[in-house]
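Asks: data25.txt (compact mmCIF, C-alpha atoms and all ligand atoms) pasted underneath:
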# COMPACT_ATOMS: atom_id res chain seq x y z
CA MET A 1227 0.00 0.00 0.00
CA GLY A 1228 2.74 2.48 0.89
CA ILE A 1229 2.65 5.65 2.92
CA ILE A 1230 -0.11 8.04 1.83
CA ILE A 1231 0.83 11.73 1.75
CA LYS A 1232 -2.16 13.97 2.53
CA SER A 1233 -2.89 17.26 0.81
CA ASP A 1234 -3.56 20.41 2.86
CA GLU A 1235 -7.28 19.86 2.27
CA GLU A 1236 -7.06 16.31 3.58
CA ILE A 1237 -5.07 17.47 6.62
CA ALA A 1238 -7.82 20.01 7.32
CA LEU A 1239 -10.36 17.16 7.39
CA MET A 1240 -8.06 15.06 9.59
CA ARG A 1241 -7.94 18.03 11.97
CA GLU A 1242 -11.74 17.94 12.30
CA ALA A 1243 -11.93 14.18 12.98
CA CYS A 1244 -9.04 14.39 15.41
CA ARG A 1245 -10.44 17.38 17.30
CA ILE A 1246 -13.70 15.52 17.86
CA THR A 1247 -11.72 12.47 19.01
CA ALA A 1248 -9.81 14.66 21.48
CA ARG A 1249 -12.94 16.34 22.82
CA VAL A 1250 -14.70 13.04 23.43
CA LEU A 1251 -11.57 11.52 24.99
CA ASN A 1252 -11.35 14.53 27.29
CA VAL A 1253 -14.89 13.93 28.52
CA LEU A 1254 -14.09 10.24 28.99
CA THR A 1255 -10.92 10.77 31.02
CA ALA A 1256 -12.68 13.36 33.19
CA ALA A 1257 -15.50 10.87 33.82
CA VAL A 1258 -13.25 8.14 35.24
CA LYS A 1259 -14.24 7.62 38.90
CA PRO A 1260 -13.90 4.72 41.34
CA GLY A 1261 -17.21 2.82 41.52
CA MET A 1262 -18.25 3.20 37.90
CA THR A 1263 -18.24 0.39 35.36
CA THR A 1264 -16.18 0.41 32.19
CA ALA A 1265 -19.45 -0.03 30.23
CA GLU A 1266 -20.52 3.43 31.44
CA LEU A 1267 -17.52 4.87 29.59
CA ASP A 1268 -18.69 3.10 26.45
CA GLU A 1269 -22.10 4.79 26.78
CA ILE A 1270 -20.47 8.19 27.22
CA ALA A 1271 -18.28 7.64 24.15
CA GLU A 1272 -21.27 6.75 22.00
CA ARG A 1273 -23.35 9.69 23.22
CA GLU A 1274 -20.56 12.29 22.93
CA ALA A 1275 -19.53 11.19 19.44
CA LYS A 1276 -23.14 11.49 18.34
CA LEU A 1277 -23.24 15.12 19.50
CA TYR A 1278 -20.59 15.88 16.88
CA GLY A 1279 -22.14 13.70 14.17
CA ALA A 1280 -19.08 11.44 14.27
CA LYS A 1281 -18.95 7.65 14.24
CA PRO A 1282 -16.84 5.75 16.77
CA SER A 1283 -14.42 3.86 14.56
CA PHE A 1284 -13.49 0.82 16.65
CA LYS A 1285 -16.95 -0.80 16.80
CA GLY A 1286 -17.10 -3.53 14.19
CA TYR A 1287 -13.43 -3.13 13.27
CA ARG A 1288 -12.36 -6.75 12.73
CA GLY A 1289 -15.37 -7.63 14.87
CA TYR A 1290 -14.39 -5.45 17.87
CA PRO A 1291 -17.57 -5.23 19.99
CA ALA A 1292 -17.39 -1.77 21.62
CA ASN A 1293 -17.05 1.97 20.99
CA LEU A 1294 -13.71 2.30 22.77
CA CYS A 1295 -11.05 0.31 24.60
CA VAL A 1296 -10.78 0.54 28.39
CA SER A 1297 -7.66 -1.22 29.68
CA VAL A 1298 -7.22 -1.33 33.46
CA ASN A 1299 -3.96 -1.88 35.40
CA ASP A 1300 -2.08 -4.82 33.81
CA GLU A 1301 -4.20 -4.62 30.66
CA ILE A 1302 -2.09 -2.96 27.98
CA VAL A 1303 -4.57 -2.37 25.15
CA HIS A 1304 -7.92 -3.55 23.76
CA GLY A 1305 -9.71 -3.95 27.08
CA ILE A 1306 -13.38 -4.48 26.25
CA PRO A 1307 -15.79 -2.37 28.35
CA GLY A 1308 -18.29 -4.30 30.44
CA LYS A 1309 -19.38 -4.92 34.02
CA ARG A 1310 -15.93 -4.39 35.52
CA ILE A 1311 -16.00 -1.78 38.28
CA ILE A 1312 -13.15 0.73 38.38
CA LYS A 1313 -11.56 0.80 41.83
CA GLU A 1314 -9.70 3.47 43.78
CA GLY A 1315 -6.01 3.18 42.86
CA ASP A 1316 -6.57 1.67 39.40
CA ILE A 1317 -4.96 3.15 36.33
CA VAL A 1318 -7.34 3.30 33.38
CA SER A 1319 -6.25 3.50 29.75
CA ILE A 1320 -8.87 4.84 27.40
CA ASP A 1321 -8.36 4.50 23.65
CA PHE A 1322 -10.91 6.11 21.33
CA GLY A 1323 -11.28 7.11 17.72
CA VAL A 1324 -13.87 8.43 15.32
CA VAL A 1325 -14.43 8.65 11.62
CA TYR A 1326 -15.78 12.02 10.45
CA LYS A 1327 -16.17 13.23 6.86
CA GLY A 1328 -14.21 10.18 5.75
CA PHE A 1329 -11.18 10.66 7.99
CA GLN A 1330 -10.03 9.05 11.19
CA GLY A 1331 -8.79 10.29 14.54
CA ASP A 1332 -7.19 7.97 17.11
CA SER A 1333 -5.99 8.87 20.61
CA ALA A 1334 -5.42 7.33 24.03
CA ARG A 1335 -4.66 8.45 27.58
CA THR A 1336 -4.10 6.63 30.85
CA VAL A 1337 -5.54 8.27 33.95
CA PRO A 1338 -5.57 7.49 37.66
CA ALA A 1339 -8.81 6.51 39.42
CA GLY A 1340 -8.56 8.39 42.70
CA VAL A 1341 -5.20 8.16 44.45
CA VAL A 1342 -2.67 5.80 42.83
CA SER A 1343 0.78 4.57 43.90
CA GLU A 1344 3.95 6.57 43.25
CA LYS A 1345 5.06 3.81 40.88
CA ALA A 1346 1.86 4.15 38.90
CA LYS A 1347 2.26 7.93 38.72
CA CYS A 1348 5.79 7.50 37.42
CA LEU A 1349 4.54 5.08 34.76
CA LEU A 1350 1.87 7.53 33.59
CA GLU A 1351 4.32 10.43 33.43
CA THR A 1352 6.91 8.36 31.62
CA THR A 1353 4.46 7.08 29.02
CA ALA A 1354 3.15 10.60 28.36
CA GLY A 1355 6.76 11.79 28.12
CA ALA A 1356 7.70 8.99 25.74
CA LEU A 1357 4.88 10.07 23.42
CA GLN A 1358 6.16 13.67 23.57
CA ALA A 1359 9.69 12.49 22.80
CA GLY A 1360 8.34 10.65 19.74
CA ILE A 1361 6.41 13.72 18.60
CA LYS A 1362 9.52 15.92 18.94
CA ALA A 1363 11.50 13.46 16.80
CA ALA A 1364 8.84 13.34 14.06
CA ARG A 1365 10.25 16.03 11.79
CA PRO A 1366 10.57 16.11 8.02
CA GLY A 1367 13.86 14.57 6.95
CA ALA A 1368 14.09 12.35 10.03
CA ARG A 1369 13.69 8.61 9.59
CA LEU A 1370 10.87 6.65 11.15
CA GLY A 1371 13.40 4.74 13.26
CA ASP A 1372 14.43 8.04 14.87
CA VAL A 1373 10.90 8.29 16.29
CA THR A 1374 11.08 4.71 17.57
CA ALA A 1375 14.48 5.32 19.16
CA ALA A 1376 13.36 8.57 20.80
CA ILE A 1377 10.35 6.88 22.41
CA GLU A 1378 12.39 3.90 23.60
CA GLU A 1379 15.30 5.94 24.95
CA TYR A 1380 12.99 8.17 26.96
CA ALA A 1381 11.06 5.19 28.37
CA GLU A 1382 14.12 3.14 29.28
CA SER A 1383 15.96 6.12 30.77
CA ARG A 1384 13.12 6.27 33.31
CA GLY A 1385 13.13 2.54 33.98
CA CYS A 1386 10.06 1.45 32.05
CA ALA A 1387 9.82 -1.46 29.61
CA VAL A 1388 8.50 -0.89 26.09
CA VAL A 1389 5.93 -3.27 24.59
CA ARG A 1390 7.38 -4.71 21.38
CA GLU A 1391 4.59 -6.54 19.57
CA TYR A 1392 2.11 -3.64 19.20
CA THR A 1393 2.85 -0.46 17.31
CA GLY A 1394 1.59 2.90 16.17
CA HIS A 1395 0.55 3.32 12.57
CA GLY A 1396 -0.18 5.55 9.65
CA ILE A 1397 -3.75 6.88 9.71
CA GLY A 1398 -6.02 8.74 7.32
CA ARG A 1399 -9.09 7.47 5.51
CA GLN A 1400 -8.27 4.16 7.19
CA MET A 1401 -7.53 3.74 10.90
CA HIS A 1402 -4.50 1.65 10.05
CA GLU A 1403 -2.36 2.72 7.11
CA ASP A 1404 1.32 2.22 6.38
CA PRO A 1405 3.78 2.52 8.01
CA GLN A 1406 3.72 0.62 11.29
CA VAL A 1407 5.43 2.76 13.94
CA PRO A 1408 7.17 0.56 16.49
CA ASN A 1409 7.96 1.94 19.95
CA SER A 1410 10.87 -0.42 20.45
CA THR A 1411 14.02 -0.92 18.40
CA ARG A 1412 13.70 -4.58 19.44
CA SER A 1413 10.42 -5.13 17.56
CA VAL A 1414 10.47 -7.56 14.62
CA LEU A 1415 10.32 -4.54 12.31
CA GLY A 1416 13.96 -3.78 13.13
CA LEU A 1417 13.67 0.00 13.11
CA SER A 1418 16.29 2.03 14.93
CA ARG A 1419 17.95 5.45 14.65
CA GLY A 1420 18.76 6.30 11.03
CA VAL A 1421 16.65 3.42 9.67
CA GLY A 1422 13.29 3.35 7.89
CA PRO A 1423 11.33 5.67 5.61
CA VAL A 1424 12.16 9.39 5.61
CA LEU A 1425 9.36 11.47 7.13
CA LYS A 1426 7.73 13.97 4.79
CA LYS A 1427 5.23 16.80 5.14
CA GLY A 1428 1.70 15.44 4.76
CA MET A 1429 2.29 12.10 6.46
CA THR A 1430 -0.19 11.45 9.26
CA LEU A 1431 0.78 9.04 12.01
CA ALA A 1432 -0.68 7.69 15.23
CA LEU A 1433 2.15 7.39 17.76
CA GLU A 1434 1.20 5.17 20.68
CA PRO A 1435 3.79 4.03 23.20
CA MET A 1436 2.68 1.24 25.56
CA LEU A 1437 4.96 0.98 28.60
CA ASN A 1438 5.10 -1.53 31.44
CA ILE A 1439 6.58 -1.25 34.93
CA GLY A 1440 7.92 -4.83 34.74
CA SER A 1441 8.79 -6.85 31.66
CA TRP A 1442 7.91 -5.92 28.06
CA GLU A 1443 6.31 -9.33 27.49
CA THR A 1444 2.59 -9.67 26.82
CA LYS A 1445 -0.16 -12.26 26.73
CA LEU A 1446 -3.51 -12.33 24.95
CA ASP A 1447 -6.76 -12.99 26.84
CA ASP A 1448 -9.17 -15.74 25.82
CA ASN A 1449 -11.42 -13.06 24.32
CA MET A 1450 -8.67 -12.76 21.65
CA TRP A 1451 -8.61 -8.97 22.06
CA THR A 1452 -7.32 -7.87 25.42
CA VAL A 1453 -3.54 -7.72 25.70
CA ARG A 1454 -2.02 -7.71 29.19
CA THR A 1455 1.43 -7.83 30.73
CA ARG A 1456 2.74 -11.36 31.09
CA ASP A 1457 4.06 -10.63 34.59
CA GLY A 1458 0.94 -8.82 35.82
CA SER A 1459 2.74 -5.47 36.20
CA LEU A 1460 1.01 -2.17 35.43
CA SER A 1461 0.89 -0.84 31.88
CA ALA A 1462 0.08 2.58 30.40
CA HIS A 1463 -0.78 3.80 26.90
CA PHE A 1464 -0.75 7.29 25.40
CA GLU A 1465 -1.58 7.98 21.76
CA ASP A 1466 -1.85 11.05 19.54
CA THR A 1467 -2.56 11.43 15.86
CA ILE A 1468 -0.01 13.82 14.36
CA ALA A 1469 0.73 15.41 10.99
CA ILE A 1470 4.26 15.92 9.73
CA THR A 1471 4.64 19.61 8.81
CA GLU A 1472 7.64 21.71 7.80
CA GLY A 1473 8.81 22.06 11.41
CA GLU A 1474 7.57 20.41 14.55
CA ALA A 1475 4.75 17.91 14.01
CA GLU A 1476 1.19 19.17 14.50
CA VAL A 1477 -0.66 17.23 17.17
CA LEU A 1478 -4.09 16.78 15.61
CA THR A 1479 -5.68 15.14 18.64
CA SER A 1480 -5.15 18.08 20.98
CA ILE A 1481 -8.15 20.12 22.08
N1 LIG B 1 -5.91 2.77 18.94
C1 LIG B 1 -6.06 1.37 18.62
C2 LIG B 1 -5.22 1.06 17.40
O1 LIG B 1 -4.58 1.89 16.90
C3 LIG B 1 -7.46 1.01 18.50
C4 LIG B 1 -7.82 -0.20 17.79
S1 LIG B 1 -8.94 -1.09 18.71
C5 LIG B 1 -9.86 -1.90 17.58
O2 LIG B 1 -5.10 -0.01 16.92
F1 LIG B 1 -10.70 -2.52 18.19
F2 LIG B 1 -10.44 -1.05 16.82
F3 LIG B 1 -9.08 -2.69 16.87
CO CO B 2 -3.92 3.61 17.19
Just dump the structure as C-alpha cells.
Replies:
Amino acid sequence: MGIIIKSDEEIALMREACRITARVLNVLTAAVKPGMTTAELDEIAEREAKLYGAKPSFKGYRGYPANLCVSVNDEIVHGIPGKRIIKEGDIVSIDFGVVYKGFQGDSARTVPAGVVSEKAKCLLETTAGALQAGIKAARPGARLGDVTAAIEEYAESRGCAVVREYTGHGIGRQMHEDPQVPNSTRSVLGLSRGVGPVLKKGMTLALEPMLNIGSWETKLDDNMWTVRTRDGSLSAHFEDTIAITEGEAEVLTSI
C-alpha cells in the first residue's frame, strides 16, 4: 500500500476528525471515577460522538464489539468495556477514535482513578513523556526509526519497559495505514535510529507508546482482544494522531 501523503485539504479534514476524538476523549478521562463500570464509559463515548455527528471507529473493526477500549492496570490495550468496576487506585487506559467526513482520529490516555501509587504515577508520566519524545522526533527529513528510538530511549531512561509486539501506525481514511510505527528498536520490524522511511510533510501518524513497569512481554486474553502484561505489572498507553509539517509535528488530537 505504501505511505499516503495527505494534501492540505485532507489534513484540514483530519484536523476535524481528530479534534472531535480529542474532545470526546477529554470527557471520557474526566469521567473516570472509582465505583463506575467500564461499560458506562462506552455509553459516554457513543453519546458524545453522536453530539458531533461522528462515528466511533473501533466498533465492528475486525469484529471489535465496543465503541472504545478501556484497559485497566495490567491490561495494555484492547480492554473491552463491560461490568468491571473501576476501583480506587486503578490506572485506566482509554483508547478512542472516530471517523468524520471520511477521515479518522485515534488517541489514548491513561488516567488514575482516585489516588494511585507513586510507581503508577511515574509510569503515567513516563508514558506521556515517551509520546512527547516521539512527537519531537517526528520532523521532516528524520527517519521513522528516529521516532522509535526517541520513544524507547525516553522510556528506558526512566526505567520502564517498552511493549514490542504492538505499534503505532499511519492513519487517514483508514484507521490503520502504512507505516507501522514501532515503539521499540527490538520489535520484529527492526527499526532504529537512522533506519526506515524518511518522514515527509503530509504524512499522518498515530504514535502510541505502551509501557510496562515490569517486563515488556505480553499475553492475549481468551477473548482474543485484550492484551495484558505477562508478569501482571502495570501498563500505560498514550496515543496522539499527528501530521508531519515543515517544522515540529502538528498534534491533531489536541483540544
Ligand atoms: N488505537 C487502537 C489502534 O490503533 C485502536 C484499535 S482497537 C480496535 O489499533 F478494536 F479497533 F481494533
Ligand atoms: Co492507534
Asks: Residues within 8 Å of ligand LIG 1 (chain B) (all atoms listed in the file), as a list in words?
Replies: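 Residues satisfying the distance criterion: Ser1283, Phe1284, Lys1285, Gly1286, Tyr1287, Arg1288, Gly1289, Tyr1290, Pro1291, Ala1292, Leu1294, Cys1295, Val1303, His1304, Asp1321, Phe1322, Gly1323, Asp1332, Ser1333, Ala1334, Thr1393, Gly1394, His1395, Met1401, His1402, Ala1432, Glu1434, Trp1451 and Glu1465 of chain A.
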Asks: Just how far from CA of Thr1479 (chain A) is CA of Gly1385 (chain A), in Å to one decimal?
Replies: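 Computing it gives 27.3 Å between the two atoms.
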Asks: Rank nothing, just name the residue among A:Ile1306, A:Leu1251, A:Val1388, A:Met1262 nearest to Met1450 (chain A), using all atoms listed in the file.
Replies: A:Ile1306
Asks: Find the spatial neighbours of region 1367-1378 of chain A, counting all atoms listed in the file, within a cut-off of 9 Å - ignore same-chain residues fewer than 4 positions away - and output them as an NGL selection string.
Replies: :A and (1353 or 1355-1363 or 1382-1383 or 1387-1388 or 1405 or 1407-1411 or 1416-1426 or 1433 or 1435)
Asks: Would you mind telling me which residue in A:Thr1467, A:Ser1480, A:Thr1455, A:Ser1461 lies nearest to ligand CO 2 (chain B) when using all atoms listed in the file?
Replies: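 That would be A:Thr1467, the residue with the smallest distance to ligand CO 2 (chain B).
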Asks: Just the residues within 12 Å of Val1250 (chain A), please, counting all atoms listed in the file, with nothing from its chain fewer than 5 positions along; format it as a PyMOL selection string.
Replies: chain A and resi 1243-1245+1255-1257+1267-1282+1293-1294+1320-1324+1331-1335+1479-1481
Asks: So how far away is CA of Leu1460 (chain A) from CA of Leu1446 (chain A), in Å?
Replies: 15.3 Å
Asks: Given the choices A:Asp1448, A:Asp1466, A:Cys1348, A:Glu1472, which gets closest to ligand CO 2 (chain B) if the distance is worked out from all atoms listed in the file?
Replies: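 Checking each candidate against ligand CO 2 (chain B), we get A:Asp1466 as the closest.
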Asks: Give the answer as one residue: which of A:Ile1229, A:Ile1397, A:Val1414, A:Met1429 has the shortest atom-to-atom distance to ligand CO 2 (chain B), using only C-alpha atoms and all ligand atoms?
Replies: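 Among the listed residues, A:Ile1397 lies closest to ligand CO 2 (chain B).
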Asks: Using all atoms listed in the file, which of A:Glu1379, A:Glu1443, A:Glu1344, A:Asp1404 sits nearest Glu1391 (chain A)?
Replies: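 Closest residue, counting all atoms listed in the file: A:Glu1443.
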Asks: Tell me which of A:Ser1413, A:Thr1336, A:Gln1330, A:Thr1352 sits closest to ligand CO 2 (chain B), counting all atoms listed in the file.
Replies: A:Gln1330
Asks: For CA of Thr1430 (chain A) and CA of Leu1349 (chain A), determine how far apart the two atoms are, in Å to one decimal place.
Replies: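 CA of Leu1349 (chain A) lies 26.7 Å from CA of Thr1430 (chain A).
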Asks: Can I get region 1325-1336 of chain A with all heavy atoms filled in, as an mmCIF file, in the coordinates of the input?
Replies:
data_model
loop_
_atom_site.group_PDB
_atom_site.id
_atom_site.type_symbol
_atom_site.label_atom_id
_atom_site.label_comp_id
_atom_site.auth_asym_id
_atom_site.auth_seq_id
_atom_site.Cartn_x
_atom_site.Cartn_y
_atom_site.Cartn_z
ATOM 1 N N VAL A 1325 -14.525 8.283 13.032
ATOM 2 C CA VAL A 1325 -14.430 8.650 11.620
ATOM 3 C C VAL A 1325 -15.433 9.783 11.396
ATOM 4 O O VAL A 1325 -16.563 9.746 11.894
ATOM 5 C CB VAL A 1325 -14.649 7.436 10.694
ATOM 6 C CG1 VAL A 1325 -15.982 6.772 10.936
ATOM 7 C CG2 VAL A 1325 -14.483 7.826 9.239
ATOM 8 N N TYR A 1326 -14.954 10.824 10.691
ATOM 9 C CA TYR A 1326 -15.780 12.020 10.450
ATOM 10 C C TYR A 1326 -15.401 12.561 9.073
ATOM 11 O O TYR A 1326 -14.217 12.779 8.795
ATOM 12 C CB TYR A 1326 -15.502 13.056 11.543
ATOM 13 C CG TYR A 1326 -16.325 14.315 11.455
ATOM 14 C CD1 TYR A 1326 -17.679 14.300 11.766
ATOM 15 C CD2 TYR A 1326 -15.744 15.517 11.061
ATOM 16 C CE1 TYR A 1326 -18.440 15.464 11.698
ATOM 17 C CE2 TYR A 1326 -16.494 16.685 10.995
ATOM 18 C CZ TYR A 1326 -17.850 16.648 11.307
ATOM 19 O OH TYR A 1326 -18.599 17.797 11.247
ATOM 20 N N LYS A 1327 -16.399 12.766 8.241
ATOM 21 C CA LYS A 1327 -16.170 13.230 6.860
ATOM 22 C C LYS A 1327 -15.091 12.399 6.161
ATOM 23 O O LYS A 1327 -14.253 12.929 5.420
ATOM 24 C CB LYS A 1327 -15.793 14.719 6.836
ATOM 25 C CG LYS A 1327 -16.898 15.639 7.360
ATOM 26 C CD LYS A 1327 -16.502 17.110 7.200
ATOM 27 C CE LYS A 1327 -17.511 18.040 7.844
ATOM 28 N NZ LYS A 1327 -17.044 19.440 7.892
ATOM 29 N N GLY A 1328 -15.102 11.103 6.467
ATOM 30 C CA GLY A 1328 -14.210 10.180 5.750
ATOM 31 C C GLY A 1328 -12.821 10.038 6.315
ATOM 32 O O GLY A 1328 -12.018 9.268 5.772
ATOM 33 N N PHE A 1329 -12.524 10.757 7.403
ATOM 34 C CA PHE A 1329 -11.180 10.660 7.990
ATOM 35 C C PHE A 1329 -11.233 10.234 9.449
ATOM 36 O O PHE A 1329 -12.240 10.427 10.132
ATOM 37 C CB PHE A 1329 -10.427 11.985 7.829
ATOM 38 C CG PHE A 1329 -9.951 12.198 6.423
ATOM 39 C CD1 PHE A 1329 -10.790 12.785 5.477
ATOM 40 C CD2 PHE A 1329 -8.699 11.757 6.031
ATOM 41 C CE1 PHE A 1329 -10.365 12.945 4.163
ATOM 42 C CE2 PHE A 1329 -8.276 11.910 4.719
ATOM 43 C CZ PHE A 1329 -9.106 12.511 3.784
ATOM 44 N N GLN A 1330 -10.106 9.683 9.879
ATOM 45 C CA GLN A 1330 -10.030 9.050 11.190
ATOM 46 C C GLN A 1330 -9.209 9.873 12.178
ATOM 47 O O GLN A 1330 -8.203 10.488 11.801
ATOM 48 C CB GLN A 1330 -9.299 7.694 11.047
ATOM 49 C CG GLN A 1330 -9.929 6.737 10.057
ATOM 50 C CD GLN A 1330 -10.855 5.748 10.694
ATOM 51 O OE1 GLN A 1330 -10.792 5.501 11.894
ATOM 52 N NE2 GLN A 1330 -11.724 5.142 9.889
ATOM 53 N N GLY A 1331 -9.617 9.808 13.434
ATOM 54 C CA GLY A 1331 -8.790 10.290 14.540
ATOM 55 C C GLY A 1331 -8.594 9.130 15.499
ATOM 56 O O GLY A 1331 -9.484 8.268 15.605
ATOM 57 N N ASP A 1332 -7.480 9.090 16.204
ATOM 58 C CA ASP A 1332 -7.190 7.970 17.110
ATOM 59 C C ASP A 1332 -6.316 8.511 18.247
ATOM 60 O O ASP A 1332 -5.281 9.136 17.983
ATOM 61 C CB ASP A 1332 -6.447 6.882 16.317
ATOM 62 C CG ASP A 1332 -6.278 5.566 17.055
ATOM 63 O OD1 ASP A 1332 -6.781 5.429 18.181
ATOM 64 O OD2 ASP A 1332 -5.635 4.663 16.472
ATOM 65 N N SER A 1333 -6.749 8.312 19.487
ATOM 66 C CA SER A 1333 -5.990 8.870 20.610
ATOM 67 C C SER A 1333 -6.250 8.056 21.870
ATOM 68 O O SER A 1333 -7.319 7.446 22.018
ATOM 69 C CB SER A 1333 -6.406 10.334 20.841
ATOM 70 O OG SER A 1333 -5.601 10.942 21.812
ATOM 71 N N ALA A 1334 -5.283 8.059 22.760
ATOM 72 C CA ALA A 1334 -5.420 7.330 24.030
ATOM 73 C C ALA A 1334 -4.717 8.072 25.153
ATOM 74 O O ALA A 1334 -3.731 8.776 24.926
ATOM 75 C CB ALA A 1334 -4.847 5.922 23.893
ATOM 76 N N ARG A 1335 -5.250 7.890 26.356
ATOM 77 C CA ARG A 1335 -4.660 8.450 27.580
ATOM 78 C C ARG A 1335 -4.843 7.437 28.695
ATOM 79 O O ARG A 1335 -5.855 6.732 28.733
ATOM 80 C CB ARG A 1335 -5.405 9.725 28.017
ATOM 81 C CG ARG A 1335 -5.408 10.867 27.018
ATOM 82 C CD ARG A 1335 -4.124 11.670 27.077
ATOM 83 N NE ARG A 1335 -4.123 12.771 26.135
ATOM 84 C CZ ARG A 1335 -3.558 12.719 24.918
ATOM 85 N NH1 ARG A 1335 -2.988 11.623 24.478
ATOM 86 N NH2 ARG A 1335 -3.572 13.780 24.129
ATOM 87 N N THR A 1336 -3.919 7.437 29.637
ATOM 88 C CA THR A 1336 -4.100 6.630 30.850
ATOM 89 C C THR A 1336 -4.229 7.588 32.029
ATOM 90 O O THR A 1336 -3.403 8.493 32.178
ATOM 91 C CB THR A 1336 -2.915 5.673 31.062
ATOM 92 O OG1 THR A 1336 -2.770 4.873 29.894
ATOM 93 C CG2 THR A 1336 -3.147 4.764 32.271
#
